[in-house]
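Novice: Just passing along the structure, written as structure tokens.
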Amino acid sequence: MEIIKSKDNPFYKNLIKIMNSKVPQYVLLEGPHLYEQWVASNKPIECIICSESFIEKNSKFLSFFKSEVRCVSDALFSQLSDVVSNQGLMILVKYSIGQKNDLDFTQSIVMLDGVQDPGNIGTILRTCLAVNIHQVIMNDKCANAWSSKVIRSAQGAHAFIDIYRLNLIEIIELPKIRDEYEVIATLISEEAKSLYKLNLNKKIAWIFGNEGAGISKEVCSKVDTSIMIPMESEIESLNVGVAASVCLYEQYRQKLSQ
């Protein structure tokens with residue numbers, strides 16, 4: 001197998017562009033876990049990239065790979081990796097950006113309004129998968145859902161969740177949403193109802209907002225129900241990733257208790 005050792009190699013130069021998010025809809029997923037998750041989702045893999053050391057240690061497993069395998073020197077692989085101790089394996093995949101017509105109105109939906117922290121987005125994606133929610137809609141004020149930090153935080157959830165980049169107002173105003181869903185948002189207000197006093201055994205369009213500013217006024221005006229998570233007086237609010245997890249698991253708990 002040819003080992004790419006020059007940083008001027010055209011294939012490698014393209015990988016660098018992809019790593020820097022300069023090639024739309026292409027991304028590198030690093031490590032055996034993300035590889036296994038992507039394979040389990042039955043989504044195509046463009047190419048498998050291995051370090052020279054990985055090939056030497058795992059040559060007997062190469063026959064199990066069903067996609068093209070390219071090998072790069074350890075030094076070049078390290079430049080592609082964003083972890084200190086890399087495992088010598090990553091995959092190149094092309095992801096799809098969901099369109100409005102692709103939405104599945106048979107299940108609950110999570111919408112993010114200006115969530116900026118990659119760790120929060122990753123946590124929310126991971127939680128959605130854990131509670132069987134497979135659609136997350138983000139507006140253009142949110143951070144990139146396919147950045148390396150979000151991917152690492154989500155721990156493979158990207159393989160199973162449909163991620164959309166859409167205008168939240170337009171989605172909330174869709175007849176299907178208005179007629180079949182309850183639009184619920186976490187808000188600090190006198191009108192907010194306790195999360196634990198609501199019937200969540202229904203289709204819900206959850207909205208979670210920016211870490212500092214919360215949900216925009218325009219989006220707030222479209223909400224059916226404002227909720228709050230009960231907590232001790234010393235704390236005013238929760239991190240958005242934690243708050244989303246609490247809400248989604250309460251819905252999941254109610255579903256399981258039916």
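Residue numbering restarts at 1 in every chain; chains get A, B, ... in the order shown in the structure tokens, and ligands count up from 1 in that same order.
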Would you pick out the contacts of segment 188-193 of chain A at 8 Å or less, using only C-alpha atoms, so that residues sharing its chain but fewer than 3 positions from it are not included, and give the list as an MDAnalysis selection string?
Specialist: chainID A and resid 197:198 225:228
Novice: Keeping only N, CA and C atoms, write the selected residues as a compact mmCIF listing (two decimals), in the first residue's frame.
Specialist:
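Written out: part-v3.txt:
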```
# COMPACT_ATOMS: atom_id res chain seq x y z
N LYS A 197 -45.09 19.39 35.78
CA LYS A 197 -46.55 19.42 35.87
C LYS A 197 -47.21 19.34 34.49
N LEU A 198 -46.41 19.08 33.48
CA LEU A 198 -46.93 19.04 32.11
C LEU A 198 -47.09 17.60 31.63
N THR A 225 -46.15 27.08 24.95
CA THR A 225 -46.01 26.89 26.39
C THR A 225 -44.60 27.23 26.83
N SER A 226 -44.50 28.10 27.84
CA SER A 226 -43.21 28.41 28.44
C SER A 226 -43.04 27.56 29.69
N ILE A 227 -41.88 26.97 29.85
CA ILE A 227 -41.68 26.11 31.01
C ILE A 227 -40.43 26.54 31.78
N MET A 228 -40.38 26.10 33.04
CA MET A 228 -39.21 26.31 33.86
C MET A 228 -38.87 24.99 34.55
```
Novice: Which residues, written as a ChimeraX atom specification, have at least one atom at most 12 Å from Lys13 of chain A, with only C-alpha atoms counted and residues fewer than 4 positions away on the same chain left out?
Specialist: /A:4-9,17-20,22-23,72,76-77,79-80
Novice: I'd like the interatomic distance between atom CA of Asn120 of chain A and atom CA of Gly241 of chain A, to a tenth of an Å.
Specialist: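 Between atom CA of Asn120 of chain A and atom CA of Gly241 of chain A the gap works out to 4.6 Å.
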Novice: Leaving out Asp82 of chain A and any residue of its chain fewer than 5 positions from it, which residues lie within 9 Å of it when counting only C-alpha atoms, given as a ChimeraX atom specification?
Specialist: /A:30,148-149
Novice: Mind pulling up the distance from atom CA of Val136 of chain A to atom CA of Arg165 of chain A?
Specialist: 8.8 Å
Novice: Using only C-alpha atoms for the distances, tell me which of A:Gly114, A:Gly119, A:Pro44, A:Gly31 is nearest to Met90 of chain A.
Specialist: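 Smallest separation from Met90 of chain A among the options: A:Gly31.
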Novice: From the set A:Gly209, A:Asp179, A:Ser245, A:Ile91, which residue has the shortest atom-to-atom contact distance to Leu129 of chain A, counting only C-alpha atoms?
Specialist: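 Between A:Gly209, A:Asp179, A:Ser245, A:Ile91, the residue approaching Leu129 of chain A most closely is A:Ser245.
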Novice: Which of segment 49-187 of chain A end up as strand (DSSP E or B) when DSSP is run on this backbone - answer as a ChimeraX atom specification?
Specialist: /A:49-51,69-72,89-94,98,109-113,135-138,162-165,182-186
Novice: Which one of A:Ile229, A:Arg126, A:Phe105, A:Ser257 sits closest to Tyr181 of chain A if you count only C-alpha atoms?
Specialist: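 Closest candidate: A:Phe105.
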Novice: Of the candidates A:Asn58, A:Asn239, A:Gln258, A:Ser67, which one gets nearest to Val39 of chain A if we count only C-alpha atoms?
Specialist: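 Result for the nearest residue to Val39 of chain A: A:Ser67.
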Novice: Compare A:Tyr164, A:Tyr249, A:Trp206, A:Trp38 by their minimum atom-to-atom distance to Ile97 of chain A, counting only C-alpha atoms, and give me the closest one.
Specialist: A:Tyr164
Novice: Could you check which of A:Val219, A:Val84, A:Ile151, A:Ala159 is closest to Ser96 of chain A, using only C-alpha atoms?
Specialist: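 Result for the nearest residue to Ser96 of chain A: A:Ala159.
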Novice: Need the shell around Leu168 of chain A: protein/DNA/RNA residues with any atom at most 9 Å away, counting only C-alpha atoms. Skip same-chain ones fewer than 4 positions apart. Format as a PyMOL selection string?
Specialist: chain A and resi 111-113+137-139+172-173+219
